[in-house]
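First up is the structure itself, then whatever we jot down about it.
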Amino acid sequence: MENLTDFTGKVVIVTGARSGIGQATAVTFARQGAKVVMAGRHACDETAAQIAEFGGECMFVECDVSKEEDVKNLVAKTIEAYGKLDIAVNNAGYNSPTNNLTEQVTEDFDRVMAIDVRGVFLCMKYEIPELLKQGEGSSIINIASVVATVADPGMAPYVAAKHAVHGLTQAAGIEYAEQGLRINCIGPAFVATEMTIPWLEDPEFKEMVKGFNAQHRIADPQEIADVCLFLASPRANKFISGALIAADGGQTAH
């Protein structure tokens with residue numbers, strides 16, 4: 001029987017691969033045989049160590065996704081090392097401190113937009129020409145959020161940014177669908193990551209967040225990585241394009 005999650009010989013870029021969803025995704029693809037290019041502003045030593053444990057192949061490229069030259073270099077280094085690009089997971093993101101909109105700091109708003117929106121735009125801008133060379137089967141997965149379709153109070157910049165990621169995914173998805181490139185995004189609910197753990201240390205906040213979804217729990221990064229694997233695989237078939245896949249424990253349906 002054909003293994004539809006075997007990525008042997010495939011080359012995958014994962015941005016924000018140092019921790020959380022990015023780390024889980026990089027390790028998951030490497031475990032399935034892919035050569036993984038880990039991108040981030042800081043070294044991804046722990047991620048690389050996890051991949052080395054089972055003999056996987058990876059490399060690190062320093063990259064601030066809000067900077068065009070960094071993103072251009074990331075894709076160029078990938079092609080230089082491996083000769084092609086098959087899959088890209090644009091995961092790098094940032095959330096501003098929680099506050100009412102009128103009390104948000106403008107510089108924080110700008111940073112959220114630079115990383116979460118400009119970053120996804122720049123990544124796709126430079127990834128797409130290389131992915132198109134691979135023809136049918138190439139894939140982009142953008143990591144959005146449950147707040148790409150709904151909103152939470154105190155998070156106006158992040159909500160706006162993730163709505164924009166959803167919009168960019170839809171626009172790019174329909175532009176390149178006929179050329180065999182599938183572009184989709186994932187909308188995770190609250191996930192236990194390095195970014196969210198400080199919030200989860202507050203028992204009241206943790207219980208409140210768990211109550212948002214029908215499963216009454218916090219997601220693990222591996223659960224989102226598994227959705228990335230599905231969307232990049234033939235199991236996702238050719239007809240999922242420009243979609244947002246909710247991985248939210250039923251939050252948006254609750």
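Letters for chains follow the order of the structure tokens (A, B, ...), residue numbers begin at 1 for each chain, and ligand numbers begin at 1 in the order shown.
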
Could you give me, as a tab-separated table, a per-residue list for range 2-90 of chain A showing, wherever an atom lies at most 6 Å from an atom of range 126-144 of chain A, the closest pair of atoms and their distance in Å to one decimal, using only C-alpha atoms and sorting by chain then residue number from low to high?
```
residue	atom	partner	partner_atom	distance
A:Leu85	CA	A:Leu131	CA	5.7
A:Asp86	CA	A:Ser138	CA	5.0
A:Ile87	CA	A:Ser139	CA	4.9
A:Ala88	CA	A:Ile140	CA	4.8
A:Val89	CA	A:Ile141	CA	4.8
A:Asn90	CA	A:Asn142	CA	4.7
```

Write the residues you've just listed into a file as a PDB file, in the first residue's frame, and include C-alpha atoms for each of them.
```
ATOM      1  CA  LEU A  85      11.543  23.520  -2.888  1.00  0.00           C
ATOM      2  CA  ASP A  86       8.431  21.329  -2.578  1.00  0.00           C
ATOM      3  CA  ILE A  87       6.579  22.557   0.530  1.00  0.00           C
ATOM      4  CA  ALA A  88       6.596  25.695   2.661  1.00  0.00           C
ATOM      5  CA  VAL A  89       5.082  26.136   6.099  1.00  0.00           C
ATOM      6  CA  ASN A  90       4.929  29.846   6.910  1.00  0.00           C
TER       7      ASN A  90
END
```

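Among the candidates A:Gly22, A:Gly173, A:Pro198, A:Pro234, the one nearest to Ala48 in chain A when counting only C-alpha atoms is A:Gly22.
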
Subject >> Pick from A:Lys84, A:Arg118, A:Lys35, A:Arg18 nearest to Glu68 in chain A, counting only C-alpha atoms >> reply: A:Arg118

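Within range 49-173 of chain A, DSSP applied to the backbone places the following residues in strand (DSSP E or B): Glu57, Cys58, Met59, Phe60, Val61, Glu62, Ile87, Ala88, Val89, Asn90, Ser139, Ile140, Ile141, Asn142 and Ile143 of chain A.
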
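Residues in contact range of Lys210 in chain A, defined as at most 12 Å between only C-alpha atoms, with sequence neighbours fewer than 3 positions away removed, read A:Ala189, A:Phe190, A:Val191, A:Ala192, A:Leu200, A:Pro203, A:Glu204, A:Phe205, A:Lys206, A:Glu207, A:Asn213, A:Ala214, A:Gln215, A:His216, A:Arg217, A:Ile218, A:Ala219, A:Asp248, A:Gly249, A:Gly250, A:Gln251.
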
Original post:
Tell me, which residues of range 184-247 of chain A carry DSSP helix (DSSP H, G or I), written as a ChimeraX atom specification?
Top reply: /A:197-200,203-210,221-232,234-236

Please write the residues from the selection above to a file, keeping N, CA and C atoms, as an mmCIF file, in the first residue's frame.
```
data_model
loop_
_atom_site.group_PDB
_atom_site.id
_atom_site.type_symbol
_atom_site.label_atom_id
_atom_site.label_comp_id
_atom_site.auth_asym_id
_atom_site.auth_seq_id
_atom_site.Cartn_x
_atom_site.Cartn_y
_atom_site.Cartn_z
ATOM 1 N N ILE A 197 2.650 29.840 27.035
ATOM 2 C CA ILE A 197 2.818 29.232 28.361
ATOM 3 C C ILE A 197 2.696 30.250 29.501
ATOM 4 N N PRO A 198 3.265 31.474 29.369
ATOM 5 C CA PRO A 198 3.082 32.442 30.470
ATOM 6 C C PRO A 198 1.617 32.712 30.793
ATOM 7 N N TRP A 199 0.745 32.731 29.791
ATOM 8 C CA TRP A 199 -0.683 32.919 30.033
ATOM 9 C C TRP A 199 -1.276 31.691 30.714
ATOM 10 N N LEU A 200 -0.825 30.511 30.281
ATOM 11 C CA LEU A 200 -1.394 29.277 30.823
ATOM 12 C C LEU A 200 -0.981 29.028 32.272
ATOM 13 N N PRO A 203 -4.082 29.924 36.404
ATOM 14 C CA PRO A 203 -5.116 28.871 36.396
ATOM 15 C C PRO A 203 -6.478 29.363 35.917
ATOM 16 N N GLU A 204 -6.870 30.577 36.314
ATOM 17 C CA GLU A 204 -8.174 31.099 35.907
ATOM 18 C C GLU A 204 -8.222 31.322 34.399
ATOM 19 N N PHE A 205 -7.144 31.894 33.868
ATOM 20 C CA PHE A 205 -7.086 32.138 32.426
ATOM 21 C C PHE A 205 -7.112 30.811 31.671
ATOM 22 N N LYS A 206 -6.360 29.829 32.156
ATOM 23 C CA LYS A 206 -6.309 28.528 31.502
ATOM 24 C C LYS A 206 -7.691 27.888 31.438
ATOM 25 N N GLU A 207 -8.426 27.938 32.528
ATOM 26 C CA GLU A 207 -9.757 27.350 32.544
ATOM 27 C C GLU A 207 -10.704 28.094 31.617
ATOM 28 N N MET A 208 -10.554 29.423 31.553
ATOM 29 C CA MET A 208 -11.389 30.225 30.658
ATOM 30 C C MET A 208 -11.137 29.837 29.204
ATOM 31 N N VAL A 209 -9.865 29.727 28.828
ATOM 32 C CA VAL A 209 -9.510 29.400 27.449
ATOM 33 C C VAL A 209 -9.980 27.990 27.088
ATOM 34 N N LYS A 210 -9.848 27.068 28.010
ATOM 35 C CA LYS A 210 -10.313 25.700 27.764
ATOM 36 C C LYS A 210 -11.819 25.682 27.489
ATOM 37 N N PRO A 221 1.201 21.335 20.164
ATOM 38 C CA PRO A 221 1.764 21.708 18.857
ATOM 39 C C PRO A 221 1.769 20.561 17.853
ATOM 40 N N GLN A 222 1.941 19.329 18.340
ATOM 41 C CA GLN A 222 1.978 18.183 17.433
ATOM 42 C C GLN A 222 0.670 18.025 16.665
ATOM 43 N N GLU A 223 -0.436 18.406 17.288
ATOM 44 C CA GLU A 223 -1.733 18.277 16.626
ATOM 45 C C GLU A 223 -1.831 19.199 15.414
ATOM 46 N N ILE A 224 -1.192 20.359 15.507
ATOM 47 C CA ILE A 224 -1.183 21.291 14.372
ATOM 48 C C ILE A 224 -0.193 20.819 13.314
ATOM 49 N N ALA A 225 0.934 20.280 13.767
ATOM 50 C CA ALA A 225 1.922 19.734 12.831
ATOM 51 C C ALA A 225 1.318 18.618 11.989
ATOM 52 N N ASP A 226 0.471 17.812 12.607
ATOM 53 C CA ASP A 226 -0.172 16.716 11.872
ATOM 54 C C ASP A 226 -1.107 17.230 10.784
ATOM 55 N N VAL A 227 -1.756 18.373 11.039
ATOM 56 C CA VAL A 227 -2.610 18.973 10.008
ATOM 57 C C VAL A 227 -1.750 19.491 8.850
ATOM 58 N N CYS A 228 -0.587 20.059 9.187
ATOM 59 C CA CYS A 228 0.348 20.505 8.136
ATOM 60 C C CYS A 228 0.743 19.328 7.256
ATOM 61 N N LEU A 229 1.058 18.211 7.892
ATOM 62 C CA LEU A 229 1.456 17.013 7.156
ATOM 63 C C LEU A 229 0.335 16.563 6.214
ATOM 64 N N PHE A 230 -0.886 16.580 6.726
ATOM 65 C CA PHE A 230 -2.033 16.201 5.900
ATOM 66 C C PHE A 230 -2.180 17.131 4.700
ATOM 67 N N LEU A 231 -2.140 18.448 4.940
ATOM 68 C CA LEU A 231 -2.362 19.405 3.854
ATOM 69 C C LEU A 231 -1.271 19.329 2.786
ATOM 70 N N ALA A 232 -0.073 18.923 3.173
ATOM 71 C CA ALA A 232 1.022 18.827 2.207
ATOM 72 C C ALA A 232 1.028 17.498 1.467
ATOM 73 N N PRO A 234 -0.641 13.909 -0.469
ATOM 74 C CA PRO A 234 -1.673 13.561 -1.452
ATOM 75 C C PRO A 234 -3.028 13.280 -0.823
ATOM 76 N N ARG A 235 -3.066 13.020 0.491
ATOM 77 C CA ARG A 235 -4.338 12.781 1.170
ATOM 78 C C ARG A 235 -5.229 14.022 1.124
ATOM 79 N N ALA A 236 -4.624 15.193 0.977
ATOM 80 C CA ALA A 236 -5.403 16.431 0.909
ATOM 81 C C ALA A 236 -6.008 16.628 -0.476
#
```

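Computed from the coordinates, the CA of Gln104 in chain A to CA of Asp152 in chain A distance equals 14.4 Å.
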
Which residues of range 37-108 of chain A sit at most 12 Å from range 162-168 of chain A, using only C-alpha atoms? Give each one's shortest atom pair and distance in Å (one decimal place), in chain and ascending residue order, as JSON lines.
```
{"residue": "A:Asn90", "atom": "CA", "partner": "A:Val165", "partner_atom": "CA", "distance": 10.2}
{"residue": "A:Asn91", "atom": "CA", "partner": "A:Val165", "partner_atom": "CA", "distance": 10.8}
{"residue": "A:Ala92", "atom": "CA", "partner": "A:Val165", "partner_atom": "CA", "distance": 11.8}
{"residue": "A:Gly93", "atom": "CA", "partner": "A:Lys162", "partner_atom": "CA", "distance": 9.6}
{"residue": "A:Tyr94", "atom": "CA", "partner": "A:Lys162", "partner_atom": "CA", "distance": 10.5}
{"residue": "A:Asn95", "atom": "CA", "partner": "A:Lys162", "partner_atom": "CA", "distance": 10.2}
```

Original post:
Got a sec: who's within 9 Å of Thr98 in chain A, counting only C-alpha atoms, leaving out chain neighbours fewer than 4 positions off, as a list in words?
Top reply: Gln104, Pro153, Gly154, Met155 and Ala156 of chain A
